[in-house]
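To start, the structure under review is shown below, and the notes come after it.
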Amino acid sequence: GGKAFKRGKSDASGQDKRELVFKDEEQEYAQVTKVLGNGRMEVQCFDEKNKKRLAHIRGAMRKKVWINMGDFVLVALRDFQDAKCDIVLRYSEDEVANLRKAGQLPERALQTDAQQEEDDDLVEFDADAEIDVDIDEL
């Protein structure tokens, strides 16, 4: 881009200075579990139903805010379609930490999918176990 495009990029830290947004009625906190493409995501909502829903990125956020798997988002629930919702806001890591301190996110939301995969990949070895192997038998 040209000069005007570069001027717009000068203040990239402006997003970090926004006020923390809490959920309203007809909104819910969710975590992205799968990126489906075409502006659609599968999210795990943290409401009473604890339901997985198909989420759609709203138009104002498209190509401006990038959402990845494991990110925490604020979704607007639909009255007429319970299985679908719209992504309204993406929370940064600092905002997620502040939501946890405020008690807004439930305990089951404390571990992201990436952290769960790392825990699943761990292999534990028992260093005290003695194995008697006779070389001649191999």
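By order in the structure tokens, chains are A, B, ...; within a chain, residues start at 1; ligands start at 1, following the order shown.
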| said: Could you list, as a ChimeraX atom specification, every residue within 8 Å of stretch 44-60 of chain A, counting only C-alpha atoms and ignoring same-chain residues fewer than 5 positions away? | reply: /A:28-33,39,75,82-88,105-106,109
For the selection you just gave me, I'd like the residues written to a file as a compact mmCIF listing (two decimals), in the first residue's frame, keeping N, CA and C atoms.
# COMPACT_ATOMS: atom_id res chain seq x y z
N GLU A 28 -23.48 -14.80 24.97
CA GLU A 28 -22.83 -15.84 25.78
C GLU A 28 -21.35 -15.89 25.44
N TYR A 29 -20.55 -16.33 26.42
CA TYR A 29 -19.13 -16.55 26.19
C TYR A 29 -18.96 -17.91 25.52
N ALA A 30 -17.96 -18.02 24.63
CA ALA A 30 -17.73 -19.28 23.94
C ALA A 30 -16.26 -19.40 23.59
N GLN A 31 -15.85 -20.64 23.27
CA GLN A 31 -14.48 -20.90 22.85
C GLN A 31 -14.54 -21.60 21.50
N VAL A 32 -13.69 -21.17 20.57
CA VAL A 32 -13.68 -21.73 19.23
C VAL A 32 -13.05 -23.12 19.28
N THR A 33 -13.78 -24.13 18.81
CA THR A 33 -13.26 -25.51 18.80
C THR A 33 -12.80 -25.94 17.42
N GLY A 39 -15.88 -17.93 7.00
CA GLY A 39 -16.38 -17.11 8.10
C GLY A 39 -17.22 -17.87 9.11
N VAL A 75 -20.50 -14.37 21.75
CA VAL A 75 -21.44 -14.67 20.66
C VAL A 75 -22.82 -14.15 21.01
N ASP A 82 -31.48 -22.16 17.53
CA ASP A 82 -30.69 -22.44 18.72
C ASP A 82 -29.32 -23.01 18.39
N ALA A 83 -29.18 -23.64 17.23
CA ALA A 83 -27.92 -24.29 16.87
C ALA A 83 -26.93 -23.33 16.21
N LYS A 84 -27.34 -22.08 15.97
CA LYS A 84 -26.47 -21.10 15.32
C LYS A 84 -26.35 -19.84 16.16
N CYS A 85 -25.21 -19.15 15.98
CA CYS A 85 -24.99 -17.88 16.68
C CYS A 85 -24.05 -17.02 15.85
N ASP A 86 -23.85 -15.78 16.27
CA ASP A 86 -22.99 -14.84 15.57
C ASP A 86 -21.87 -14.38 16.50
N ILE A 87 -20.64 -14.37 15.99
CA ILE A 87 -19.50 -13.91 16.78
C ILE A 87 -19.50 -12.39 16.77
N VAL A 88 -19.53 -11.81 17.96
CA VAL A 88 -19.63 -10.36 18.10
C VAL A 88 -18.27 -9.75 18.46
N LEU A 105 -16.04 -16.39 33.42
CA LEU A 105 -15.82 -17.64 32.70
C LEU A 105 -15.88 -18.81 33.68
N PRO A 106 -16.56 -19.90 33.35
CA PRO A 106 -16.65 -21.04 34.26
C PRO A 106 -15.33 -21.80 34.36
N ALA A 109 -13.70 -23.68 31.43
CA ALA A 109 -13.14 -22.88 30.34
C ALA A 109 -11.69 -22.50 30.61
Could you please write out, as a PDB file with N, CA and C atoms, in the first residue's frame, every residue of stretch 61-108 of chain A that DSSP assigns to strand (DSSP E)?
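The new file states-v9.pdb reads:
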ATOM      1  N   PHE A  72     -11.210 -17.218  22.765  1.00  0.00           N
ATOM      2  CA  PHE A  72     -12.458 -16.964  23.483  1.00  0.00           C
ATOM      3  C   PHE A  72     -13.174 -15.806  22.800  1.00  0.00           C
ATOM      4  N   VAL A  73     -14.474 -15.988  22.577  1.00  0.00           N
ATOM      5  CA  VAL A  73     -15.264 -14.999  21.849  1.00  0.00           C
ATOM      6  C   VAL A  73     -16.574 -14.744  22.587  1.00  0.00           C
ATOM      7  N   LEU A  74     -17.200 -13.643  22.236  1.00  0.00           N
ATOM      8  CA  LEU A  74     -18.542 -13.320  22.716  1.00  0.00           C
ATOM      9  C   LEU A  74     -19.488 -13.535  21.543  1.00  0.00           C
ATOM     10  N   VAL A  75     -20.504 -14.365  21.748  1.00  0.00           N
ATOM     11  CA  VAL A  75     -21.436 -14.668  20.661  1.00  0.00           C
ATOM     12  C   VAL A  75     -22.822 -14.153  21.007  1.00  0.00           C
ATOM     13  N   ALA A  76     -23.549 -13.765  19.962  1.00  0.00           N
ATOM     14  CA  ALA A  76     -24.941 -13.352  20.103  1.00  0.00           C
ATOM     15  C   ALA A  76     -25.807 -14.535  19.697  1.00  0.00           C
ATOM     16  N   LEU A  77     -26.640 -15.003  20.622  1.00  0.00           N
ATOM     17  CA  LEU A  77     -27.507 -16.147  20.351  1.00  0.00           C
ATOM     18  C   LEU A  77     -28.700 -15.709  19.511  1.00  0.00           C
ATOM     19  N   LYS A  84     -27.343 -22.075  15.973  1.00  0.00           N
ATOM     20  CA  LYS A  84     -26.468 -21.104  15.319  1.00  0.00           C
ATOM     21  C   LYS A  84     -26.348 -19.839  16.159  1.00  0.00           C
ATOM     22  N   CYS A  85     -25.210 -19.147  15.977  1.00  0.00           N
ATOM     23  CA  CYS A  85     -24.985 -17.882  16.681  1.00  0.00           C
ATOM     24  C   CYS A  85     -24.046 -17.020  15.847  1.00  0.00           C
ATOM     25  N   ASP A  86     -23.849 -15.780  16.273  1.00  0.00           N
ATOM     26  CA  ASP A  86     -22.990 -14.835  15.571  1.00  0.00           C
ATOM     27  C   ASP A  86     -21.869 -14.380  16.499  1.00  0.00           C
ATOM     28  N   ILE A  87     -20.638 -14.370  15.993  1.00  0.00           N
ATOM     29  CA  ILE A  87     -19.495 -13.908  16.782  1.00  0.00           C
ATOM     30  C   ILE A  87     -19.496 -12.390  16.773  1.00  0.00           C
ATOM     31  N   VAL A  88     -19.532 -11.807  17.956  1.00  0.00           N
ATOM     32  CA  VAL A  88     -19.626 -10.363  18.098  1.00  0.00           C
ATOM     33  C   VAL A  88     -18.269  -9.750  18.457  1.00  0.00           C
ATOM     34  N   LEU A  89     -17.463 -10.475  19.271  1.00  0.00           N
ATOM     35  CA  LEU A  89     -16.228  -9.914  19.800  1.00  0.00           C
ATOM     36  C   LEU A  89     -15.225 -11.024  20.070  1.00  0.00           C
ATOM     37  N   ARG A  90     -13.945 -10.756  19.820  1.00  0.00           N
ATOM     38  CA  ARG A  90     -12.872 -11.691  20.158  1.00  0.00           C
ATOM     39  C   ARG A  90     -12.112 -11.096  21.334  1.00  0.00           C
TER      40      ARG A  90
END
| message | Please determine, counting only C-alpha atoms, which residue among A:Ala102, A:Val21, A:Leu138, A:Met41 has the shortest atom-to-atom distance to A:Met69. | response |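 Answer, going by the shortest atom-to-atom distance: A:Met41.
Distance check against A:Val43 using only C-alpha atoms: of A:Met61, A:Leu99, A:Ile67, A:Ile135, the minimum falls on A:Ile67.
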| Nearest candidate to A:Glu25 (options A:Lys101, A:Asp136, A:Asp79, A:Glu93; using only C-alpha atoms) | A:Asp79
